[in-house]
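Reproduced below: run_30.cif, with mmCIF, C-alpha atoms and all ligand atoms.
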data_work
loop_
_atom_site.label_atom_id
_atom_site.label_comp_id
_atom_site.auth_asym_id
_atom_site.auth_seq_id
_atom_site.Cartn_x
_atom_site.Cartn_y
_atom_site.Cartn_z
CA MET A 1 15.49 -10.87 -1.49
CA ILE A 2 12.74 -8.26 -1.83
CA PRO A 3 11.96 -6.69 1.55
CA PHE A 4 8.45 -5.66 2.51
CA ASN A 5 9.49 -2.05 3.10
CA LYS A 6 12.43 0.27 2.60
CA PRO A 7 12.37 3.66 4.35
CA PRO A 8 11.90 6.40 1.75
CA TYR A 9 15.15 8.14 0.85
CA VAL A 10 15.41 10.72 -1.92
CA GLY A 11 18.99 12.01 -1.58
CA LYS A 12 18.84 15.43 0.09
CA GLU A 13 18.21 14.16 3.62
CA GLU A 14 21.85 14.43 4.83
CA GLN A 15 22.29 17.90 3.38
CA TYR A 16 19.23 19.21 5.19
CA MET A 17 20.13 17.47 8.42
CA LYS A 18 23.60 19.06 8.25
CA GLU A 19 21.96 22.44 7.69
CA ALA A 20 19.87 21.89 10.81
CA ILE A 21 23.00 21.04 12.81
CA GLY A 22 24.84 24.05 11.38
CA SER A 23 22.00 26.38 12.33
CA ARG A 24 22.58 25.50 16.02
CA LYS A 25 18.91 24.79 16.37
CA ILE A 26 18.29 21.07 16.67
CA SER A 27 15.36 21.08 19.10
CA GLY A 28 11.84 21.49 17.71
CA ASP A 29 10.02 24.29 15.92
CA GLY A 30 12.92 25.63 13.85
CA ASN A 31 13.08 26.39 10.12
CA PHE A 32 12.61 22.83 8.87
CA THR A 33 9.59 22.25 11.09
CA ARG A 34 8.11 25.51 9.79
CA ARG A 35 8.73 24.52 6.16
CA CYS A 36 7.12 21.11 6.66
CA GLN A 37 4.13 22.65 8.43
CA ASP A 38 3.68 25.30 5.72
CA TRP A 39 3.81 22.59 3.08
CA LEU A 40 1.20 20.50 4.88
CA GLU A 41 -1.09 23.51 5.42
CA ASN A 42 -0.88 24.36 1.72
CA ALA A 43 -1.29 20.83 0.41
CA ALA A 44 -4.18 20.04 2.76
CA GLY A 45 -5.77 23.48 2.53
CA THR A 46 -6.04 23.78 6.29
CA ASP A 47 -5.21 26.58 8.72
CA LYS A 48 -2.85 24.73 10.99
CA ALA A 49 -0.54 21.73 10.82
CA LEU A 50 1.73 20.84 13.71
CA LEU A 51 4.55 18.31 13.38
CA THR A 52 4.47 15.70 16.12
CA THR A 53 6.70 12.86 17.25
CA SER A 54 4.31 10.28 15.72
CA ALA A 55 0.74 9.71 14.57
CA THR A 56 0.27 8.12 17.98
CA ALA A 57 1.20 11.50 19.54
CA ALA A 58 -1.17 13.34 17.16
CA LEU A 59 -3.98 10.99 18.19
CA GLU A 60 -3.16 11.51 21.89
CA MET A 61 -3.24 15.28 21.34
CA SER A 62 -6.62 14.88 19.62
CA ALA A 63 -8.04 13.01 22.62
CA LEU A 64 -6.87 15.83 24.91
CA LEU A 65 -8.20 18.53 22.55
CA CYS A 66 -11.61 16.84 22.42
CA ASP A 67 -11.56 16.63 26.22
CA ILE A 68 -12.19 12.88 26.23
CA LYS A 69 -12.98 11.73 29.78
CA PRO A 70 -13.56 8.47 31.67
CA GLY A 71 -16.92 7.03 30.64
CA ASP A 72 -16.91 8.59 27.17
CA GLU A 73 -17.32 6.33 24.16
CA VAL A 74 -15.33 6.61 20.94
CA ILE A 75 -16.38 4.85 17.74
CA MET A 76 -13.77 3.34 15.40
CA PRO A 77 -13.08 0.20 13.37
CA SER A 78 -11.50 -2.82 15.04
CA TYR A 79 -9.39 -3.38 11.93
CA THR A 80 -6.72 -0.77 12.70
CA PHE A 81 -3.41 -0.13 14.43
CA VAL A 82 -3.42 -0.19 18.22
CA SER A 83 -2.68 3.56 18.58
CA THR A 84 -6.06 4.51 17.11
CA ALA A 85 -7.66 3.07 20.24
CA ASN A 86 -4.92 3.59 22.83
CA ALA A 87 -4.88 7.37 22.46
CA PHE A 88 -8.48 7.51 23.73
CA VAL A 89 -8.16 4.68 26.26
CA LEU A 90 -5.37 6.71 27.89
CA ARG A 91 -8.00 9.37 28.68
CA GLY A 92 -10.36 6.77 30.14
CA ALA A 93 -12.66 6.34 27.15
CA SER A 94 -14.18 3.04 26.22
CA ILE A 95 -13.95 2.01 22.59
CA VAL A 96 -16.93 0.95 20.49
CA PHE A 97 -15.73 -1.06 17.51
CA VAL A 98 -17.86 -0.96 14.39
CA ASP A 99 -17.57 -3.49 11.55
CA ILE A 100 -15.75 -2.70 8.30
CA ARG A 101 -16.89 -2.72 4.68
CA PRO A 102 -15.37 -5.70 2.89
CA ASP A 103 -14.65 -3.68 -0.27
CA THR A 104 -12.40 -0.94 1.21
CA MET A 105 -11.64 -2.44 4.66
CA ASN A 106 -12.80 0.92 6.10
CA ILE A 107 -15.39 1.44 8.85
CA ASP A 108 -18.90 0.79 7.49
CA GLU A 109 -20.44 4.26 7.60
CA LYS A 110 -23.94 2.74 7.47
CA LEU A 111 -23.45 1.09 10.88
CA ILE A 112 -22.06 4.09 12.75
CA GLU A 113 -25.27 5.88 13.68
CA GLU A 114 -26.77 2.83 15.40
CA ALA A 115 -23.66 2.59 17.56
CA VAL A 116 -24.02 6.16 18.86
CA THR A 117 -25.17 6.44 22.49
CA LYS A 118 -25.51 9.35 24.93
CA LYS A 119 -21.90 8.69 25.93
CA THR A 120 -20.44 8.90 22.42
CA LYS A 121 -17.99 11.80 22.00
CA ALA A 122 -16.08 11.08 18.82
CA ILE A 123 -15.78 9.03 15.65
CA VAL A 124 -12.33 8.00 14.43
CA PRO A 125 -12.42 6.93 10.78
CA VAL A 126 -9.24 5.17 9.63
CA HIS A 127 -8.41 5.62 5.94
CA TYR A 128 -7.03 2.18 5.23
CA ALA A 129 -4.35 1.99 2.53
CA GLY A 130 -4.86 5.71 1.82
CA VAL A 131 -8.37 5.08 0.49
CA SER A 132 -10.85 7.42 2.14
CA CYS A 133 -13.76 6.44 4.36
CA GLU A 134 -17.20 7.75 3.26
CA MET A 135 -16.56 11.13 4.86
CA ASP A 136 -19.74 13.00 3.83
CA THR A 137 -21.85 10.41 5.63
CA ILE A 138 -19.56 10.40 8.66
CA MET A 139 -19.46 14.22 8.95
CA ASP A 140 -23.24 14.32 8.66
CA ILE A 141 -23.72 11.82 11.51
CA ALA A 142 -21.21 13.76 13.62
CA ALA A 143 -23.02 17.07 13.01
CA ARG A 144 -26.41 15.64 13.94
CA HIS A 145 -25.11 14.08 17.19
CA ASP A 146 -22.61 16.81 18.07
CA LEU A 147 -19.59 14.51 17.84
CA LYS A 148 -15.98 15.23 16.95
CA VAL A 149 -14.40 13.49 13.98
CA ILE A 150 -10.71 12.67 14.26
CA GLU A 151 -9.32 11.20 11.05
CA ASP A 152 -6.66 8.58 11.50
CA ALA A 153 -5.01 9.53 8.21
CA ALA A 154 -1.72 7.89 9.23
CA GLN A 155 -1.67 6.17 5.81
CA GLY A 156 -3.47 8.95 3.96
CA CYS A 157 -1.10 11.88 3.38
CA TYR A 158 -1.55 13.16 -0.22
CA ALA A 159 -4.64 11.04 -0.89
CA THR A 160 -7.98 12.81 -1.41
CA TYR A 161 -11.74 12.43 -0.97
CA LYS A 162 -13.80 14.55 -3.38
CA GLY A 163 -10.65 16.58 -4.00
CA LYS A 164 -9.91 17.27 -0.31
CA MET A 165 -6.75 15.86 1.19
CA LEU A 166 -7.37 13.20 3.83
CA GLY A 167 -6.81 14.56 7.32
CA SER A 168 -8.32 17.93 6.37
CA ILE A 169 -11.98 16.87 6.43
CA GLY A 170 -12.70 15.99 10.08
CA HIS A 171 -12.27 18.38 13.00
CA LEU A 172 -8.76 16.96 13.45
CA GLY A 173 -6.55 14.82 11.24
CA CYS A 174 -3.50 12.71 12.10
CA TYR A 175 -0.61 11.74 9.79
CA SER A 176 2.25 9.35 10.36
CA PHE A 177 5.76 9.87 9.03
CA HIS A 178 7.05 6.57 10.37
CA GLU A 179 9.58 4.82 8.12
CA THR A 180 6.83 2.54 6.79
CA LYS A 181 4.73 5.42 5.48
CA ASN A 182 4.92 7.27 2.14
CA TYR A 183 6.84 10.24 3.58
CA SER A 184 9.09 9.72 6.55
CA MET A 185 11.20 11.31 9.27
CA GLY A 186 12.06 8.04 11.03
CA GLU A 187 9.49 8.45 13.75
CA GLY A 188 7.10 11.36 13.37
CA GLY A 189 3.70 12.61 12.38
CA ALA A 190 1.48 15.67 12.19
CA LEU A 191 -1.77 16.97 13.56
CA LEU A 192 -4.02 18.96 11.24
CA ILE A 193 -6.38 21.33 13.01
CA ASN A 194 -9.38 21.96 10.78
CA GLN A 195 -11.74 23.41 13.34
CA GLU A 196 -11.46 27.02 14.43
CA GLY A 197 -10.59 27.73 18.02
CA LEU A 198 -8.46 24.67 18.75
CA THR A 199 -5.05 25.88 17.55
CA ASP A 200 -3.96 27.76 20.69
CA MET A 201 -4.81 24.82 22.90
CA ALA A 202 -3.09 22.40 20.50
CA GLU A 203 0.12 24.45 20.69
CA ILE A 204 -0.06 24.44 24.48
CA ILE A 205 -0.65 20.67 24.71
CA ARG A 206 2.27 20.05 22.34
CA GLU A 207 4.65 22.26 24.37
CA LYS A 208 4.38 20.52 27.76
CA GLY A 209 1.21 22.39 28.69
CA THR A 210 2.93 25.78 28.47
CA ASN A 211 2.22 28.89 26.40
CA ARG A 212 5.78 28.90 25.05
CA ASN A 213 4.65 29.34 21.42
CA GLN A 214 2.62 32.45 22.29
CA PHE A 215 5.60 33.78 24.28
CA PHE A 216 7.96 33.42 21.29
CA ARG A 217 5.45 35.25 19.11
CA GLY A 218 5.36 38.07 21.66
CA GLU A 219 1.68 37.51 22.46
CA VAL A 220 2.30 37.01 26.20
CA ASP A 221 5.10 38.51 28.30
CA LYS A 222 6.15 35.36 30.16
CA TYR A 223 5.79 31.68 29.57
CA SER A 224 4.36 29.31 32.12
CA TRP A 225 2.28 26.23 32.75
CA VAL A 226 -1.32 26.78 31.66
CA GLU A 227 -2.90 23.41 30.83
CA ARG A 228 -2.47 19.63 30.55
CA GLY A 229 0.18 18.72 28.04
CA SER A 230 3.23 16.73 27.12
CA SER A 231 6.20 16.89 24.76
CA TYR A 232 4.82 16.13 21.33
CA LEU A 233 7.18 18.11 19.07
CA PRO A 234 9.93 16.42 17.04
CA SER A 235 13.52 17.64 16.70
CA GLU A 236 14.73 19.66 13.73
CA LEU A 237 16.90 16.72 12.65
CA ASN A 238 13.81 14.66 11.98
CA ALA A 239 11.99 17.58 10.37
CA ALA A 240 14.99 18.12 8.05
CA TYR A 241 14.77 14.50 6.88
CA LEU A 242 11.04 14.92 6.26
CA TRP A 243 11.53 18.17 4.34
CA ALA A 244 13.62 16.34 1.72
CA GLN A 245 10.69 13.98 1.19
CA LEU A 246 7.93 16.61 1.12
CA GLU A 247 9.85 18.57 -1.52
CA MET A 248 9.57 15.43 -3.67
CA ALA A 249 6.07 14.46 -2.58
CA GLY A 250 4.58 14.51 -6.08
CA LYS A 251 7.33 12.29 -7.47
CA ILE A 252 7.07 9.84 -4.57
CA ASN A 253 3.31 9.70 -5.02
CA ASP A 254 3.56 9.08 -8.79
CA MET A 255 6.11 6.33 -8.30
CA ARG A 256 3.94 4.57 -5.73
CA LEU A 257 0.82 4.91 -7.90
CA ASN A 258 2.68 3.42 -10.85
CA ALA A 259 3.80 0.47 -8.74
CA TRP A 260 0.24 0.02 -7.47
CA LYS A 261 -1.18 0.04 -11.02
CA ARG A 262 1.43 -2.42 -12.22
CA TYR A 263 0.45 -4.85 -9.45
CA ASN A 264 -3.23 -4.30 -10.12
CA ASN A 265 -2.95 -4.91 -13.88
CA GLY A 266 -0.63 -7.88 -13.49
CA LEU A 267 -2.92 -9.63 -11.02
CA GLN A 268 -6.20 -8.94 -12.84
CA GLU A 269 -6.30 -12.36 -14.47
CA LEU A 270 -6.13 -14.13 -11.10
CA GLU A 271 -9.06 -12.03 -9.92
CA THR A 272 -11.08 -12.93 -13.01
CA GLN A 273 -10.38 -16.60 -12.32
CA GLY A 274 -11.68 -16.16 -8.77
CA ASP A 275 -8.37 -16.93 -7.02
CA ILE A 276 -7.94 -13.51 -5.41
CA GLU A 277 -9.69 -10.22 -4.78
CA LEU A 278 -8.00 -6.90 -5.57
CA PRO A 279 -8.46 -3.58 -3.74
CA PHE A 280 -11.47 -1.40 -4.50
CA VAL A 281 -11.18 2.37 -4.76
CA PRO A 282 -14.49 4.30 -4.75
CA SER A 283 -14.78 6.86 -7.55
CA GLU A 284 -14.71 9.88 -5.20
CA CYS A 285 -11.36 8.72 -3.74
CA GLU A 286 -7.89 9.29 -5.09
CA HIS A 287 -5.49 7.09 -3.16
CA ASN A 288 -1.74 7.51 -2.67
CA GLY A 289 -0.40 4.04 -3.41
CA HIS A 290 0.36 3.55 0.25
CA MET A 291 -0.26 -0.15 0.16
CA PHE A 292 -0.91 -2.96 -2.27
CA TYR A 293 -2.94 -5.78 -0.80
CA LEU A 294 -4.85 -8.72 -2.14
CA LYS A 295 -7.27 -11.11 -0.50
CA VAL A 296 -7.19 -14.89 -0.90
CA LYS A 297 -9.87 -17.45 -0.09
CA ASP A 298 -9.10 -18.06 3.58
CA LEU A 299 -6.52 -18.06 6.39
CA GLU A 300 -5.03 -21.40 5.35
CA THR A 301 -4.41 -20.19 1.79
CA ARG A 302 -2.86 -17.01 3.13
CA THR A 303 -0.44 -18.92 5.35
CA ARG A 304 0.65 -21.06 2.39
CA LEU A 305 1.00 -18.10 0.03
CA LEU A 306 3.09 -16.12 2.54
CA ALA A 307 5.40 -19.15 2.98
CA TYR A 308 5.64 -19.63 -0.79
CA LEU A 309 6.56 -15.98 -1.34
CA LYS A 310 9.22 -16.20 1.38
CA GLU A 311 10.73 -19.34 -0.21
CA ASN A 312 11.00 -17.24 -3.36
CA GLY A 313 12.71 -14.33 -1.61
CA ILE A 314 9.69 -12.07 -1.21
CA TYR A 315 8.70 -10.66 2.17
CA ALA A 316 4.95 -10.12 2.21
CA VAL A 317 3.07 -9.52 5.47
CA PHE A 318 -0.39 -9.44 6.97
CA HIS A 319 -1.99 -7.29 9.68
CA TYR A 320 -3.99 -6.37 11.84
CA VAL A 321 -5.14 -8.71 14.58
CA PRO A 322 -8.58 -7.11 15.04
CA LEU A 323 -8.43 -5.00 18.19
CA HIS A 324 -11.67 -6.33 19.66
CA SER A 325 -10.29 -9.86 19.74
CA SER A 326 -7.01 -8.85 21.42
CA GLU A 327 -6.46 -8.72 25.19
CA GLY A 328 -6.42 -4.90 25.28
CA GLY A 329 -9.47 -4.62 23.07
CA ARG A 330 -11.51 -6.91 25.32
CA LYS A 331 -10.46 -4.87 28.36
CA TYR A 332 -11.08 -1.41 26.93
CA GLY A 333 -13.74 -1.83 24.31
CA ARG A 334 -16.65 -3.76 22.89
CA PHE A 335 -17.74 -4.73 19.42
CA PHE A 336 -21.01 -3.18 18.32
CA GLY A 337 -23.37 -5.61 16.60
CA GLU A 338 -22.16 -8.51 14.51
CA ASP A 339 -18.57 -9.07 13.34
CA ARG A 340 -19.52 -9.97 9.78
CA TYR A 341 -16.37 -8.83 8.02
CA THR A 342 -13.65 -7.59 10.40
CA THR A 343 -12.24 -10.99 11.38
CA LYS A 344 -13.05 -12.82 8.17
CA GLU A 345 -11.59 -10.22 5.82
CA SER A 346 -8.50 -9.50 7.94
CA ASN A 347 -7.68 -13.24 7.95
CA ARG A 348 -7.41 -13.37 4.18
CA LEU A 349 -5.50 -10.19 3.45
CA ILE A 350 -1.86 -10.07 2.30
CA ARG A 351 0.25 -6.93 1.78
CA LEU A 352 2.82 -7.15 -0.99
CA PRO A 353 6.15 -5.24 -0.91
CA MET A 354 5.60 -1.54 -1.55
CA TYR A 355 8.15 1.22 -1.15
CA TYR A 356 9.78 4.14 -2.95
CA GLY A 357 12.33 2.59 -5.31
CA LEU A 358 10.60 -0.76 -5.83
CA THR A 359 11.39 -1.54 -9.48
CA ALA A 360 9.10 -2.69 -12.29
CA SER A 361 11.08 -5.91 -12.68
CA GLU A 362 10.76 -6.66 -8.96
CA ILE A 363 7.01 -6.10 -9.19
CA ASP A 364 6.81 -8.37 -12.24
CA TYR A 365 8.72 -11.07 -10.39
CA ILE A 366 6.32 -10.80 -7.43
CA ILE A 367 3.28 -10.96 -9.74
CA ASP A 368 4.78 -13.98 -11.46
CA THR A 369 5.43 -15.74 -8.16
CA VAL A 370 1.84 -15.16 -6.99
CA ARG A 371 0.61 -16.56 -10.33
CA ARG A 372 2.83 -19.65 -10.02
CA PHE A 373 1.41 -20.29 -6.52
CA PHE A 374 -2.09 -20.55 -7.93
CA ILE A 375 -1.07 -22.76 -10.85
CA SER A 376 0.71 -25.30 -8.63
C1 LIG B 401 1.17 3.80 11.18
C2 LIG B 401 -0.16 3.98 11.78
C3 LIG B 401 -0.35 4.58 13.03
C4 LIG B 401 0.79 4.93 13.94
O1 LIG B 401 1.71 5.78 13.42
P1 LIG B 401 2.99 6.20 14.29
O2 LIG B 401 3.53 7.39 13.58
O3 LIG B 401 3.93 5.03 14.24
O4 LIG B 401 2.54 6.48 15.67
C5 LIG B 401 -1.64 4.80 13.47
N1 LIG B 401 -2.71 4.43 12.74
C6 LIG B 401 -2.58 3.82 11.55
C7 LIG B 401 -3.79 3.46 10.77
C8 LIG B 401 -1.30 3.57 11.03
O5 LIG B 401 -1.18 2.95 9.86
#

Turn this file's structure into structure tokens for me.
Amino acid sequence: MIPFNKPPYVGKEEQYMKEAIGSRKISGDGNFTRRCQDWLENAAGTDKALLTTSATAALEMSALLCDIKPGDEVIMPSYTFVSTANAFVLRGASIVFVDIRPDTMNIDEKLIEEAVTKKTKAIVPVHYAGVSCEMDTIMDIAARHDLKVIEDAAQGCYATYKGKMLGSIGHLGCYSFHETKNYSMGEGGALLINQEGLTDMAEIIREKGTNRNQFFRGEVDKYSWVERGSSYLPSELNAAYLWAQLEMAGKINDMRLNAWKRYNNGLQELETQGDIELPFVPSECEHNGHMFYLKVKDLETRTRLLAYLKENGIYAVFHYVPLHSSEGGRKYGRFFGEDRYTTKESNRLIRLPMYYGLTASEIDYIIDTVRRFFIS
């Protein structure tokens, strides 16, 4: 049996978690959190990274930081995880879903400007599979309409656009370190703050609305409630697990890219024959091997292929049910213009197993099984 995912594990996790326990500091913002945040700030070339309890939490913090209010509109793709939308709906915003590009499955940057209204406050590009959205275009639209850009880079840690790490390009960027992502801490994430002047408020929001961080740095003489906030910081135990992974980030990334290339080469022939479509990576994007997907002709073929893979011991999956067609999406958002690609393309996409430690022979077996499906 080849599972769809295995949580990344590199070997030093227990040692670091024991160190955290031994240090008698297991709540948040200890040495391991600091090391992870320093690493992220260096890698992304940004001033401030804050570990959070999830990407969902980082997105919720972003909505608070951008002061999203009832009646505001937020633009994003419908082909994404529910948290991308929920974080803004929690603040009373209504979501405007814009169609995706069929080649990258990312929001179609050419459709965004038409969807902007007087109520629009933010754009949330989602970097699907760690392949960047067309960020120059998106940042340009945002500048001209005075909008905030919050990157949902949950899948994008270590991937780049024109040499810049995803999550470091918009005003704010959100990573996930869930067990299904390239680097993990069980449940966790990070918020990158790329715009000046937001860091103090971000620290306050993350620490229950208090100025506790400033107090510990000696900048204020007592700590108290100053603003809206919640508890968005993870424990040191989780940060210790993540630190083991970040130390090995380059190796994890190489391994995933090798697996991705092996899939891509092995399935090329089927693409040439017109049986499947393989992922497209624009030349200005370096991805991180987060995901390997392929697209088949239609929903019926996908259902049969998934069943065939399962019969052969391979757990492949599909996602997402487009948000605009779900109950929550109909309640809290609307689709802008025509749904040319979101539903159609999501119906024919399959994600193949991809995780740290997936072997070449397992990949070859999966490629072979997909080939046999199309011969029979
Ligand atoms: C995984 C994911 C999230 C949520 O991440 P959590 O850390 O589980 O909250 C949000 N958006 C996208 C695009 C994701 O892939």

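Using all atoms listed in the file for every distance, the candidate list A:Lys297, A:Lys310, A:Lys208, A:His127 yields A:His127 as the residue closest to ligand LIG 401 (chain B).
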
Enumerate, as a PDB file with C-alpha atoms, keeping the file's coordinate frame, the protein, DNA and RNA residues whose atoms approach (-2.0, 23.5, 33.1) to within 10 Å, taking into account only C-alpha atoms and the coordinate frame of the file.
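So the final result, stored in selection-v3.pdb, reads:
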ATOM      1  CA  ILE A 204      -0.060  24.440  24.480  1.00  0.00           C
ATOM      2  CA  ILE A 205      -0.650  20.670  24.710  1.00  0.00           C
ATOM      3  CA  LYS A 208       4.380  20.520  27.760  1.00  0.00           C
ATOM      4  CA  GLY A 209       1.210  22.390  28.690  1.00  0.00           C
ATOM      5  CA  THR A 210       2.930  25.780  28.470  1.00  0.00           C
ATOM      6  CA  ASN A 211       2.220  28.890  26.400  1.00  0.00           C
ATOM      7  CA  SER A 224       4.360  29.310  32.120  1.00  0.00           C
ATOM      8  CA  TRP A 225       2.280  26.230  32.750  1.00  0.00           C
ATOM      9  CA  VAL A 226      -1.320  26.780  31.660  1.00  0.00           C
ATOM     10  CA  GLU A 227      -2.900  23.410  30.830  1.00  0.00           C
ATOM     11  CA  ARG A 228      -2.470  19.630  30.550  1.00  0.00           C
ATOM     12  CA  GLY A 229       0.180  18.720  28.040  1.00  0.00           C
TER      13      GLY A 229
END

Can you list every residue of region 61-132 of chain A that has an atom at most 9 Å from region 340-364 of chain A, with its nearest atom pair and the distance in Å to one decimal, using only C-alpha atoms, ordered by chain then number, as a Markdown table?
| residue | atom | partner | partner_atom | distance |
| --- | --- | --- | --- | --- |
| A:Pro77 | CA | A:Thr342 | CA | 8.4 |
| A:Ser78 | CA | A:Thr342 | CA | 7.0 |
| A:Tyr79 | CA | A:Thr342 | CA | 6.2 |
| A:Val98 | CA | A:Thr342 | CA | 8.8 |
| A:Asp99 | CA | A:Thr342 | CA | 5.8 |
| A:Ile100 | CA | A:Thr342 | CA | 5.7 |
| A:Arg101 | CA | A:Tyr341 | CA | 7.0 |
| A:Pro102 | CA | A:Tyr341 | CA | 6.1 |
| A:Met105 | CA | A:Glu345 | CA | 7.9 |

| said: Distance limit 7 Å, reference ligand LIG 401 (chain B), atoms considered: all atoms listed in the file. Which residues make the cut? Give them as a ChimeraX atom specification. | reply: /A:54-57,80-81,83-84,126,128,152-155,176-178,181,187-189

| task | Using all atoms listed in the file, find the one residue out of A:Ala49, A:Ala143, A:Ile107, A:Leu90 that sits nearest to Met76 (chain A). | result |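 Among the listed residues, A:Ile107 lies closest to Met76 (chain A).
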
Residues near region 9-18 of chain A, cut-off 12 Å, only C-alpha atoms, skip fewer than 5 positions along chain, as a PDB file with C-alpha atoms, keeping the file's coordinate frame:
ATOM      1  CA  SER A  23      22.000  26.380  12.330  1.00  0.00           C
ATOM      2  CA  ARG A  24      22.580  25.500  16.020  1.00  0.00           C
ATOM      3  CA  LYS A  25      18.910  24.790  16.370  1.00  0.00           C
ATOM      4  CA  ILE A  26      18.290  21.070  16.670  1.00  0.00           C
ATOM      5  CA  ASN A  31      13.080  26.390  10.120  1.00  0.00           C
ATOM      6  CA  PHE A  32      12.610  22.830   8.870  1.00  0.00           C
ATOM      7  CA  THR A  33       9.590  22.250  11.090  1.00  0.00           C
ATOM      8  CA  ARG A  35       8.730  24.520   6.160  1.00  0.00           C
ATOM      9  CA  GLU A 179       9.580   4.820   8.120  1.00  0.00           C
ATOM     10  CA  THR A 180       6.830   2.540   6.790  1.00  0.00           C
ATOM     11  CA  LYS A 181       4.730   5.420   5.480  1.00  0.00           C
ATOM     12  CA  ASN A 182       4.920   7.270   2.140  1.00  0.00           C
ATOM     13  CA  TYR A 183       6.840  10.240   3.580  1.00  0.00           C
ATOM     14  CA  SER A 184       9.090   9.720   6.550  1.00  0.00           C
ATOM     15  CA  MET A 185      11.200  11.310   9.270  1.00  0.00           C
ATOM     16  CA  GLY A 186      12.060   8.040  11.030  1.00  0.00           C
ATOM     17  CA  SER A 235      13.520  17.640  16.700  1.00  0.00           C
ATOM     18  CA  GLU A 236      14.730  19.660  13.730  1.00  0.00           C
ATOM     19  CA  LEU A 237      16.900  16.720  12.650  1.00  0.00           C
ATOM     20  CA  ASN A 238      13.810  14.660  11.980  1.00  0.00           C
ATOM     21  CA  ALA A 239      11.990  17.580  10.370  1.00  0.00           C
ATOM     22  CA  ALA A 240      14.990  18.120   8.050  1.00  0.00           C
ATOM     23  CA  TYR A 241      14.770  14.500   6.880  1.00  0.00           C
ATOM     24  CA  LEU A 242      11.040  14.920   6.260  1.00  0.00           C
ATOM     25  CA  TRP A 243      11.530  18.170   4.340  1.00  0.00           C
ATOM     26  CA  ALA A 244      13.620  16.340   1.720  1.00  0.00           C
ATOM     27  CA  GLN A 245      10.690  13.980   1.190  1.00  0.00           C
ATOM     28  CA  LEU A 246       7.930  16.610   1.120  1.00  0.00           C
ATOM     29  CA  GLU A 247       9.850  18.570  -1.520  1.00  0.00           C
ATOM     30  CA  MET A 248       9.570  15.430  -3.670  1.00  0.00           C
ATOM     31  CA  ALA A 249       6.070  14.460  -2.580  1.00  0.00           C
ATOM     32  CA  LYS A 251       7.330  12.290  -7.470  1.00  0.00           C
ATOM     33  CA  ILE A 252       7.070   9.840  -4.570  1.00  0.00           C
ATOM     34  CA  TYR A 355       8.150   1.220  -1.150  1.00  0.00           C
ATOM     35  CA  TYR A 356       9.780   4.140  -2.950  1.00  0.00           C
ATOM     36  CA  GLY A 357      12.330   2.590  -5.310  1.00  0.00           C
TER      37      GLY A 357
END

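Interatomic distance, CA of Gly274 (chain A) to CA of Phe373 (chain A): 13.9 Å.
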
| query | Contacts of Gln273 (chain A) at 12 Å or less, counting only C-alpha atoms, minus same-chain residues fewer than 3 places along, as a PyMOL selection string? | reply | chain A and resi 267-270+276-277+296+371+374-375

Set the distance at 9 Å and use all atoms listed in the file: which residues neighbour region 156-163 of chain A once local chain neighbours fewer than 4 positions away are removed? I'd like the list as a compact mmCIF listing (two decimals) with C-alpha atoms, in the frame of the given file.
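Written output follows (result_0.txt):
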# COMPACT_ATOMS: atom_id res chain seq x y z
CA ALA A 43 -1.29 20.83 0.41
CA ALA A 44 -4.18 20.04 2.76
CA VAL A 126 -9.24 5.17 9.63
CA HIS A 127 -8.41 5.62 5.94
CA TYR A 128 -7.03 2.18 5.23
CA ALA A 129 -4.35 1.99 2.53
CA GLY A 130 -4.86 5.71 1.82
CA VAL A 131 -8.37 5.08 0.49
CA SER A 132 -10.85 7.42 2.14
CA CYS A 133 -13.76 6.44 4.36
CA GLU A 134 -17.20 7.75 3.26
CA MET A 135 -16.56 11.13 4.86
CA ASP A 152 -6.66 8.58 11.50
CA GLY A 167 -6.81 14.56 7.32
CA ILE A 169 -11.98 16.87 6.43
CA CYS A 174 -3.50 12.71 12.10
CA TYR A 175 -0.61 11.74 9.79
CA SER A 176 2.25 9.35 10.36
CA LYS A 181 4.73 5.42 5.48
CA ASN A 182 4.92 7.27 2.14
CA TYR A 183 6.84 10.24 3.58
CA ALA A 249 6.07 14.46 -2.58
CA GLY A 250 4.58 14.51 -6.08
CA ASN A 253 3.31 9.70 -5.02
CA SER A 283 -14.78 6.86 -7.55
CA GLU A 284 -14.71 9.88 -5.20
CA CYS A 285 -11.36 8.72 -3.74
CA GLU A 286 -7.89 9.29 -5.09
CA HIS A 287 -5.49 7.09 -3.16
CA ASN A 288 -1.74 7.51 -2.67
CA GLY A 289 -0.40 4.04 -3.41
CA HIS A 290 0.36 3.55 0.25

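Distances here use only C-alpha atoms; by that measure, the residue among A:Phe97, A:Thr104, A:Val89, A:Pro7 closest to Pro322 (chain A) is A:Phe97.
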
| field | Two-atom distance - CA of Phe88 (chain A), CA of Cys36 (chain A) (Å) | value | 26.8 Å

| query | In Å, how far is it from CA of Met165 (chain A) to CA of Ala190 (chain A)? | reply | 13.7 Å

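Of the residues listed (A:Phe4, A:Lys295, A:Cys66, A:Arg304), A:Cys66 shows the shortest atom-to-atom separation from Gln195 (chain A); distances use all atoms listed in the file.
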
| note | Using all atoms listed in the file, the residue out of A:Gly22, A:Gly197, A:Gly333, A:Gly28 with shortest distance to Asn213 (chain A) is A:Gly28
